[in-house]
Structure formats: C-alpha cells, structure tokens
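Engineer: What follows is protein_39.cif; its format and atoms are mmCIF, N, CA and C atoms.
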data_work
loop_
_atom_site.group_PDB
_atom_site.id
_atom_site.type_symbol
_atom_site.label_atom_id
_atom_site.label_comp_id
_atom_site.auth_asym_id
_atom_site.auth_seq_id
_atom_site.Cartn_x
_atom_site.Cartn_y
_atom_site.Cartn_z
ATOM 1 N N MET A 1 10.781 21.162 -74.474
ATOM 2 C CA MET A 1 9.742 20.842 -73.519
ATOM 3 C C MET A 1 8.450 21.508 -73.971
ATOM 4 N N GLU A 2 7.401 20.766 -73.987
ATOM 5 C CA GLU A 2 6.107 21.301 -74.399
ATOM 6 C C GLU A 2 5.512 22.126 -73.268
ATOM 7 N N SER A 3 4.894 23.220 -73.643
ATOM 8 C CA SER A 3 4.306 24.120 -72.663
ATOM 9 C C SER A 3 2.788 24.065 -72.763
ATOM 10 N N THR A 4 2.135 24.041 -71.622
ATOM 11 C CA THR A 4 0.681 24.049 -71.576
ATOM 12 C C THR A 4 0.240 25.228 -70.733
ATOM 13 N N LEU A 5 -0.718 25.950 -71.239
ATOM 14 C CA LEU A 5 -1.264 27.082 -70.514
ATOM 15 C C LEU A 5 -2.767 26.895 -70.441
ATOM 16 N N HIS A 6 -3.288 26.916 -69.231
ATOM 17 C CA HIS A 6 -4.731 26.774 -69.041
ATOM 18 C C HIS A 6 -5.242 28.026 -68.349
ATOM 19 N N ILE A 7 -6.189 28.686 -68.983
ATOM 20 C CA ILE A 7 -6.828 29.854 -68.390
ATOM 21 C C ILE A 7 -8.279 29.464 -68.136
ATOM 22 N N GLY A 8 -8.626 29.322 -66.869
ATOM 23 C CA GLY A 8 -9.978 28.910 -66.517
ATOM 24 C C GLY A 8 -10.996 29.998 -66.783
ATOM 25 N N GLN A 9 -10.623 31.230 -66.500
ATOM 26 C CA GLN A 9 -11.548 32.337 -66.687
ATOM 27 C C GLN A 9 -10.731 33.610 -66.849
ATOM 28 N N LEU A 10 -11.084 34.399 -67.844
ATOM 29 C CA LEU A 10 -10.423 35.676 -68.081
ATOM 30 C C LEU A 10 -11.495 36.739 -68.215
ATOM 31 N N ASN A 11 -11.543 37.638 -67.247
ATOM 32 C CA ASN A 11 -12.525 38.727 -67.268
ATOM 33 C C ASN A 11 -11.798 40.032 -67.562
ATOM 34 N N LEU A 12 -12.281 40.741 -68.566
ATOM 35 C CA LEU A 12 -11.707 42.029 -68.926
ATOM 36 C C LEU A 12 -12.781 43.095 -68.903
ATOM 37 N N ARG A 13 -12.405 44.267 -68.449
ATOM 38 C CA ARG A 13 -13.270 45.432 -68.608
ATOM 39 C C ARG A 13 -12.523 46.387 -69.511
ATOM 40 N N VAL A 14 -13.131 46.724 -70.625
ATOM 41 C CA VAL A 14 -12.532 47.645 -71.581
ATOM 42 C C VAL A 14 -13.533 48.789 -71.776
ATOM 43 N N PRO A 15 -13.455 49.788 -70.906
ATOM 44 C CA PRO A 15 -14.435 50.879 -70.969
ATOM 45 C C PRO A 15 -14.462 51.565 -72.336
ATOM 46 N N GLY A 16 -15.657 51.837 -72.787
ATOM 47 C CA GLY A 16 -15.832 52.552 -74.046
ATOM 48 C C GLY A 16 -15.713 51.695 -75.289
ATOM 49 N N LYS A 17 -15.528 50.389 -75.114
ATOM 50 C CA LYS A 17 -15.397 49.483 -76.262
ATOM 51 C C LYS A 17 -16.551 48.493 -76.255
ATOM 52 N N SER A 18 -16.824 47.919 -77.405
ATOM 53 C CA SER A 18 -17.915 46.955 -77.532
ATOM 54 C C SER A 18 -17.526 45.598 -76.946
ATOM 55 N N ALA A 19 -18.534 44.775 -76.722
ATOM 56 C CA ALA A 19 -18.284 43.416 -76.237
ATOM 57 C C ALA A 19 -17.446 42.642 -77.249
ATOM 58 N N ASP A 20 -17.690 42.862 -78.534
ATOM 59 C CA ASP A 20 -16.914 42.190 -79.577
ATOM 60 C C ASP A 20 -15.438 42.553 -79.473
ATOM 61 N N THR A 21 -15.166 43.828 -79.248
ATOM 62 C CA THR A 21 -13.781 44.258 -79.072
ATOM 63 C C THR A 21 -13.178 43.596 -77.845
ATOM 64 N N GLY A 22 -13.942 43.527 -76.764
ATOM 65 C CA GLY A 22 -13.466 42.861 -75.549
ATOM 66 C C GLY A 22 -13.109 41.410 -75.789
ATOM 67 N N HIS A 23 -13.932 40.708 -76.562
ATOM 68 C CA HIS A 23 -13.646 39.300 -76.877
ATOM 69 C C HIS A 23 -12.379 39.181 -77.720
ATOM 70 N N LYS A 24 -12.209 40.089 -78.672
ATOM 71 C CA LYS A 24 -11.006 40.060 -79.510
ATOM 72 C C LYS A 24 -9.751 40.347 -78.687
ATOM 73 N N VAL A 25 -9.853 41.294 -77.764
ATOM 74 C CA VAL A 25 -8.717 41.601 -76.896
ATOM 75 C C VAL A 25 -8.400 40.388 -76.014
ATOM 76 N N ALA A 26 -9.428 39.766 -75.453
ATOM 77 C CA ALA A 26 -9.216 38.574 -74.610
ATOM 78 C C ALA A 26 -8.548 37.452 -75.402
ATOM 79 N N ASP A 27 -8.995 37.227 -76.632
ATOM 80 C CA ASP A 27 -8.354 36.212 -77.478
ATOM 81 C C ASP A 27 -6.893 36.566 -77.721
ATOM 82 N N GLY A 28 -6.635 37.855 -77.964
ATOM 83 C CA GLY A 28 -5.265 38.311 -78.181
ATOM 84 C C GLY A 28 -4.403 38.119 -76.946
ATOM 85 N N VAL A 29 -4.979 38.370 -75.772
ATOM 86 C CA VAL A 29 -4.247 38.168 -74.518
ATOM 87 C C VAL A 29 -3.861 36.700 -74.376
ATOM 88 N N ALA A 30 -4.794 35.805 -74.619
ATOM 89 C CA ALA A 30 -4.508 34.370 -74.506
ATOM 90 C C ALA A 30 -3.393 33.963 -75.468
ATOM 91 N N GLU A 31 -3.450 34.447 -76.703
ATOM 92 C CA GLU A 31 -2.411 34.117 -77.682
ATOM 93 C C GLU A 31 -1.055 34.663 -77.255
ATOM 94 N N LYS A 32 -1.035 35.888 -76.755
ATOM 95 C CA LYS A 32 0.224 36.503 -76.316
ATOM 96 C C LYS A 32 0.796 35.770 -75.111
ATOM 97 N N LEU A 33 -0.068 35.328 -74.201
ATOM 98 C CA LEU A 33 0.427 34.616 -73.023
ATOM 99 C C LEU A 33 1.118 33.318 -73.413
ATOM 100 N N VAL A 34 0.563 32.626 -74.386
ATOM 101 C CA VAL A 34 1.189 31.383 -74.851
ATOM 102 C C VAL A 34 2.601 31.683 -75.359
ATOM 103 N N GLN A 35 2.774 32.816 -76.022
ATOM 104 C CA GLN A 35 4.083 33.199 -76.552
ATOM 105 C C GLN A 35 5.032 33.687 -75.466
ATOM 106 N N LYS A 36 4.511 34.351 -74.437
ATOM 107 C CA LYS A 36 5.346 35.024 -73.453
ATOM 108 C C LYS A 36 5.690 34.192 -72.225
ATOM 109 N N VAL A 37 4.860 33.226 -71.881
ATOM 110 C CA VAL A 37 5.149 32.403 -70.706
ATOM 111 C C VAL A 37 6.240 31.401 -71.091
ATOM 112 N N PRO A 38 7.359 31.432 -70.377
ATOM 113 C CA PRO A 38 8.476 30.556 -70.743
ATOM 114 C C PRO A 38 8.112 29.075 -70.639
ATOM 115 N N PRO A 39 8.564 28.276 -71.608
ATOM 116 C CA PRO A 39 8.337 26.829 -71.518
ATOM 117 C C PRO A 39 8.949 26.295 -70.219
ATOM 118 N N GLY A 40 8.274 25.405 -69.606
ATOM 119 C CA GLY A 40 8.781 24.803 -68.378
ATOM 120 C C GLY A 40 8.417 25.576 -67.123
ATOM 121 N N MET A 41 7.879 26.768 -67.268
ATOM 122 C CA MET A 41 7.464 27.520 -66.083
ATOM 123 C C MET A 41 6.237 26.843 -65.501
ATOM 124 N N ARG A 42 6.315 26.526 -64.226
ATOM 125 C CA ARG A 42 5.216 25.841 -63.568
ATOM 126 C C ARG A 42 4.709 26.705 -62.434
ATOM 127 N N CYS A 43 3.453 27.047 -62.487
ATOM 128 C CA CYS A 43 2.830 27.745 -61.376
ATOM 129 C C CYS A 43 1.322 27.635 -61.526
ATOM 130 N N GLN A 44 0.686 27.776 -60.416
ATOM 131 C CA GLN A 44 -0.772 27.782 -60.407
ATOM 132 C C GLN A 44 -1.203 29.066 -59.705
ATOM 133 N N VAL A 45 -2.038 29.819 -60.363
ATOM 134 C CA VAL A 45 -2.504 31.081 -59.815
ATOM 135 C C VAL A 45 -4.005 30.965 -59.608
ATOM 136 N N GLY A 46 -4.436 31.092 -58.373
ATOM 137 C CA GLY A 46 -5.858 31.007 -58.092
ATOM 138 C C GLY A 46 -6.618 32.191 -58.656
ATOM 139 N N ALA A 47 -6.087 33.381 -58.445
ATOM 140 C CA ALA A 47 -6.705 34.595 -58.970
ATOM 141 C C ALA A 47 -5.621 35.640 -59.126
ATOM 142 N N LEU A 48 -5.787 36.456 -60.107
ATOM 143 C CA LEU A 48 -4.802 37.491 -60.396
ATOM 144 C C LEU A 48 -5.548 38.727 -60.875
ATOM 145 N N SER A 49 -5.210 39.850 -60.327
ATOM 146 C CA SER A 49 -5.853 41.095 -60.734
ATOM 147 C C SER A 49 -4.766 42.060 -61.190
ATOM 148 N N VAL A 50 -4.893 42.550 -62.405
ATOM 149 C CA VAL A 50 -3.946 43.548 -62.909
ATOM 150 C C VAL A 50 -4.739 44.725 -63.460
ATOM 151 N N ARG A 51 -4.145 45.894 -63.350
ATOM 152 C CA ARG A 51 -4.767 47.104 -63.890
ATOM 153 C C ARG A 51 -3.806 47.662 -64.927
ATOM 154 N N VAL A 52 -4.336 47.897 -66.111
ATOM 155 C CA VAL A 52 -3.524 48.389 -67.218
ATOM 156 C C VAL A 52 -4.201 49.617 -67.797
ATOM 157 N N GLN A 53 -3.420 50.643 -68.038
ATOM 158 C CA GLN A 53 -3.959 51.831 -68.683
ATOM 159 C C GLN A 53 -3.318 51.979 -70.051
ATOM 160 N N VAL A 54 -4.156 52.138 -71.045
ATOM 161 C CA VAL A 54 -3.691 52.383 -72.407
ATOM 162 C C VAL A 54 -4.445 53.589 -72.945
ATOM 163 N N ALA A 55 -3.912 54.180 -73.988
ATOM 164 C CA ALA A 55 -4.571 55.330 -74.612
ATOM 165 C C ALA A 55 -5.934 54.918 -75.151
ATOM 166 N N ALA A 56 -6.863 55.849 -75.145
ATOM 167 C CA ALA A 56 -8.199 55.569 -75.677
ATOM 168 C C ALA A 56 -8.136 55.139 -77.135
ATOM 169 N N SER A 57 -7.114 55.568 -77.834
ATOM 170 C CA SER A 57 -6.961 55.227 -79.249
ATOM 171 C C SER A 57 -6.198 53.929 -79.472
ATOM 172 N N ALA A 58 -5.839 53.224 -78.397
ATOM 173 C CA ALA A 58 -5.055 51.988 -78.528
ATOM 174 C C ALA A 58 -5.809 50.945 -79.342
ATOM 175 N N SER A 59 -5.077 50.235 -80.173
ATOM 176 C CA SER A 59 -5.673 49.168 -80.978
ATOM 177 C C SER A 59 -5.908 47.925 -80.116
ATOM 178 N N GLU A 60 -6.643 46.985 -80.661
ATOM 179 C CA GLU A 60 -6.870 45.716 -79.954
ATOM 180 C C GLU A 60 -5.544 45.022 -79.668
ATOM 181 N N VAL A 61 -4.636 45.065 -80.616
ATOM 182 C CA VAL A 61 -3.320 44.429 -80.448
ATOM 183 C C VAL A 61 -2.534 45.126 -79.338
ATOM 184 N N GLU A 62 -2.568 46.449 -79.319
ATOM 185 C CA GLU A 62 -1.856 47.191 -78.273
ATOM 186 C C GLU A 62 -2.442 46.887 -76.895
ATOM 187 N N MET A 63 -3.763 46.800 -76.814
ATOM 188 C CA MET A 63 -4.395 46.452 -75.543
ATOM 189 C C MET A 63 -4.004 45.041 -75.114
ATOM 190 N N SER A 64 -4.041 44.098 -76.043
ATOM 191 C CA SER A 64 -3.673 42.711 -75.742
ATOM 192 C C SER A 64 -2.232 42.625 -75.269
ATOM 193 N N ASP A 65 -1.334 43.353 -75.950
ATOM 194 C CA ASP A 65 0.078 43.349 -75.561
ATOM 195 C C ASP A 65 0.256 43.865 -74.140
ATOM 196 N N ALA A 66 -0.374 45.001 -73.829
ATOM 197 C CA ALA A 66 -0.223 45.611 -72.510
ATOM 198 C C ALA A 66 -0.777 44.703 -71.411
ATOM 199 N N ILE A 67 -1.930 44.118 -71.653
ATOM 200 C CA ILE A 67 -2.552 43.253 -70.637
ATOM 201 C C ILE A 67 -1.736 41.985 -70.438
ATOM 202 N N SER A 68 -1.313 41.345 -71.520
ATOM 203 C CA SER A 68 -0.539 40.101 -71.382
ATOM 204 C C SER A 68 0.800 40.371 -70.704
ATOM 205 N N GLU A 69 1.432 41.502 -71.007
ATOM 206 C CA GLU A 69 2.696 41.849 -70.355
ATOM 207 C C GLU A 69 2.501 42.039 -68.855
ATOM 208 N N ALA A 70 1.417 42.700 -68.464
ATOM 209 C CA ALA A 70 1.126 42.902 -67.043
ATOM 210 C C ALA A 70 0.869 41.570 -66.340
ATOM 211 N N ILE A 71 0.180 40.660 -67.007
ATOM 212 C CA ILE A 71 -0.088 39.337 -66.423
ATOM 213 C C ILE A 71 1.210 38.559 -66.242
ATOM 214 N N VAL A 72 2.063 38.559 -67.261
ATOM 215 C CA VAL A 72 3.334 37.829 -67.165
ATOM 216 C C VAL A 72 4.189 38.400 -66.033
ATOM 217 N N LYS A 73 4.253 39.712 -65.923
ATOM 218 C CA LYS A 73 5.027 40.329 -64.838
ATOM 219 C C LYS A 73 4.473 39.929 -63.477
ATOM 220 N N ALA A 74 3.152 39.915 -63.349
ATOM 221 C CA ALA A 74 2.530 39.534 -62.077
ATOM 222 C C ALA A 74 2.797 38.067 -61.749
ATOM 223 N N ILE A 75 2.745 37.210 -62.769
ATOM 224 C CA ILE A 75 3.030 35.784 -62.550
ATOM 225 C C ILE A 75 4.476 35.601 -62.116
ATOM 226 N N HIS A 76 5.403 36.281 -62.789
ATOM 227 C CA HIS A 76 6.816 36.179 -62.423
ATOM 228 C C HIS A 76 7.051 36.679 -61.003
ATOM 229 N N SER A 77 6.432 37.782 -60.640
ATOM 230 C CA SER A 77 6.579 38.321 -59.284
ATOM 231 C C SER A 77 6.061 37.336 -58.252
ATOM 232 N N GLY A 78 4.902 36.758 -58.514
ATOM 233 C CA GLY A 78 4.330 35.770 -57.603
ATOM 234 C C GLY A 78 5.150 34.506 -57.544
ATOM 235 N N SER A 79 5.688 34.092 -58.686
ATOM 236 C CA SER A 79 6.510 32.882 -58.749
ATOM 237 C C SER A 79 7.802 33.067 -57.967
ATOM 238 N N GLU A 80 8.432 34.230 -58.101
ATOM 239 C CA GLU A 80 9.667 34.510 -57.378
ATOM 240 C C GLU A 80 9.410 34.592 -55.880
ATOM 241 N N ALA A 81 8.305 35.221 -55.499
ATOM 242 C CA ALA A 81 7.954 35.318 -54.079
ATOM 243 C C ALA A 81 7.702 33.936 -53.489
ATOM 244 N N ALA A 82 6.992 33.092 -54.248
ATOM 245 C CA ALA A 82 6.690 31.735 -53.778
ATOM 246 C C ALA A 82 7.957 30.913 -53.639
ATOM 247 N N SER A 83 8.876 31.022 -54.585
ATOM 248 C CA SER A 83 10.115 30.237 -54.497
ATOM 249 C C SER A 83 10.977 30.724 -53.347
ATOM 250 N N GLY A 84 10.909 31.996 -53.010
ATOM 251 C CA GLY A 84 11.644 32.519 -51.876
ATOM 252 C C GLY A 84 11.104 31.981 -50.563
ATOM 253 N N ARG A 85 9.806 31.761 -50.495
ATOM 254 C CA ARG A 85 9.200 31.221 -49.272
ATOM 255 C C ARG A 85 9.482 29.742 -49.099
ATOM 256 N N GLN A 86 9.768 29.039 -50.197
ATOM 257 C CA GLN A 86 9.964 27.591 -50.116
ATOM 258 C C GLN A 86 11.367 27.218 -49.674
ATOM 259 N N ARG A 87 12.277 28.158 -49.648
ATOM 260 C CA ARG A 87 13.678 27.844 -49.293
ATOM 261 C C ARG A 87 13.851 27.530 -47.861
#
Rewrite the structure of this file - the entire thing - as structure tokens.

Structural biologist:
Amino acid sequence: MESTLHIGQLNLRVPGKSADTGHKVADGVAEKLVQKVPPGMRCQVGALSVRVQVAASASEVEMSDAISEAIVKAIHSGSEAASGRQR
C-alpha cells in the first residue's frame, strides 16, 4: 500500500542554531516521518505541539530523529484516543 504524508506547515524553534540549521533539521524531520509513519495509517491532525530536549551538542540528524520520534508518538497517542472514542 502506498503511503502519503502531507505536512502543511512545520514550525521549529532551535535555540542557539542558525536558520539554515533549522531548515536542515526540518527537512530531516520530514524525511524521518515518511520512514516512521506506518503505511496505511490514516489520520488528520489539525495541530500538534511537541517539546523535545536534546543536548546542545546534538547533531542535525540527532535533532531530526528526536523530533520525528516525538511527533510519531503524539500521532499514535491521538490516533489511539480517537479510535477509542469511535467505538
């Protein structure tokens, strides 16, 4: 089954890093989400807010991994809650 992921807007705040680094992290998050969101998972999220803390020395890849993992966990939590309400 083909999977489609649409991100309308992704806002990141990466204190102490340049805008270029922020764009690279955001691109990495989008790429990681495509890999981590299971094919066939269907949900629509109007807005999602996650807070992630990483070491100041974290690489762009480490930041992208942490943020995408937090987003996937939040989506799964919301998806499970929604399916519980539909029963």

Engineer: What is the atom CA of Ala70 of chain A-atom CA of Ser49 of chain A distance in Å, reported with one decimal?

Structural biologist: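 Distance reported for this atom pair: 9.6 Å.
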
Engineer: Distance atom CA of Ser77 of chain A-atom CA of Val50 of chain A, one decimal place?

Structural biologist: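 Result for atom CA of Ser77 of chain A versus atom CA of Val50 of chain A: 12.3 Å, one decimal.
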
Engineer: Rank nothing, just name the residue among A:Ala30, A:Ala66, A:Gly16, A:Gln35 nearest to Arg51 of chain A, using only N, CA and C atoms.

Structural biologist: A:Ala66

Engineer: Mind giving me the straight-line distance from atom CA of Cys43 of chain A to atom CA of His76 of chain A in Å, one decimal?

Structural biologist: 9.4 Å

Engineer: Using 4 Å of padding on each side, determine the axis-aligned box around all atoms of segment 40-49 of chain A present in the file and give its centre and edge lengths in Å to one decimal, as JSON.

Structural biologist:
{"center_x": 1.0, "center_y": 33.4, "center_z": -63.8, "size_x": 23.5, "size_y": 25.3, "size_z": 19.5}

Engineer: Mind listing as number ranges by chain all residues within 10 Å of (1.8, 32.3, -71.4), counting only C-alpha atoms?

Structural biologist: A: 3-7, 29-39, 41, 68-69, 71-72, 75

Engineer: Just asking: which residues within chain A are helix (DSSP H, G or I) according to DSSP, as a ChimeraX atom specification?

Structural biologist: /A:19-36,60-86

Engineer: Taking into account only N, CA and C atoms, which residue in the set A:Lys17, A:Glu60, A:Lys24, A:Ala74 is nearest to Leu48 of chain A?

Structural biologist: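 Using only N, CA and C atoms, the shortest distance to Leu48 of chain A belongs to A:Ala74.
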
Engineer: For the structure provided, state which residues fall under the PyMOL selection byres (((chain A and resi 11 and name CA) around 10) and name CA), and present them as an mmCIF file with N, CA and C atoms, in the frame of the given file.

Structural biologist:
data_model
loop_
_atom_site.group_PDB
_atom_site.id
_atom_site.type_symbol
_atom_site.label_atom_id
_atom_site.label_comp_id
_atom_site.auth_asym_id
_atom_site.auth_seq_id
_atom_site.Cartn_x
_atom_site.Cartn_y
_atom_site.Cartn_z
ATOM 1 N N GLN A 9 -10.623 31.230 -66.500
ATOM 2 C CA GLN A 9 -11.548 32.337 -66.687
ATOM 3 C C GLN A 9 -10.731 33.610 -66.849
ATOM 4 N N LEU A 10 -11.084 34.399 -67.844
ATOM 5 C CA LEU A 10 -10.423 35.676 -68.081
ATOM 6 C C LEU A 10 -11.495 36.739 -68.215
ATOM 7 N N LEU A 12 -12.281 40.741 -68.566
ATOM 8 C CA LEU A 12 -11.707 42.029 -68.926
ATOM 9 C C LEU A 12 -12.781 43.095 -68.903
ATOM 10 N N ARG A 13 -12.405 44.267 -68.449
ATOM 11 C CA ARG A 13 -13.270 45.432 -68.608
ATOM 12 C C ARG A 13 -12.523 46.387 -69.511
ATOM 13 N N VAL A 14 -13.131 46.724 -70.625
ATOM 14 C CA VAL A 14 -12.532 47.645 -71.581
ATOM 15 C C VAL A 14 -13.533 48.789 -71.776
ATOM 16 N N GLY A 22 -13.942 43.527 -76.764
ATOM 17 C CA GLY A 22 -13.466 42.861 -75.549
ATOM 18 C C GLY A 22 -13.109 41.410 -75.789
ATOM 19 N N HIS A 23 -13.932 40.708 -76.562
ATOM 20 C CA HIS A 23 -13.646 39.300 -76.877
ATOM 21 C C HIS A 23 -12.379 39.181 -77.720
ATOM 22 N N ALA A 26 -9.428 39.766 -75.453
ATOM 23 C CA ALA A 26 -9.216 38.574 -74.610
ATOM 24 C C ALA A 26 -8.548 37.452 -75.402
ATOM 25 N N SER A 49 -5.210 39.850 -60.327
ATOM 26 C CA SER A 49 -5.853 41.095 -60.734
ATOM 27 C C SER A 49 -4.766 42.060 -61.190
#

Engineer: Give as a PyMOL selection string the residues that the PyMOL selection byres (((chain A and resi 63 and name CA) around 9) and name CA) matches when applied to the coordinates above.

Structural biologist: chain A and resi 25+28-29+52-55+58-62+64-68
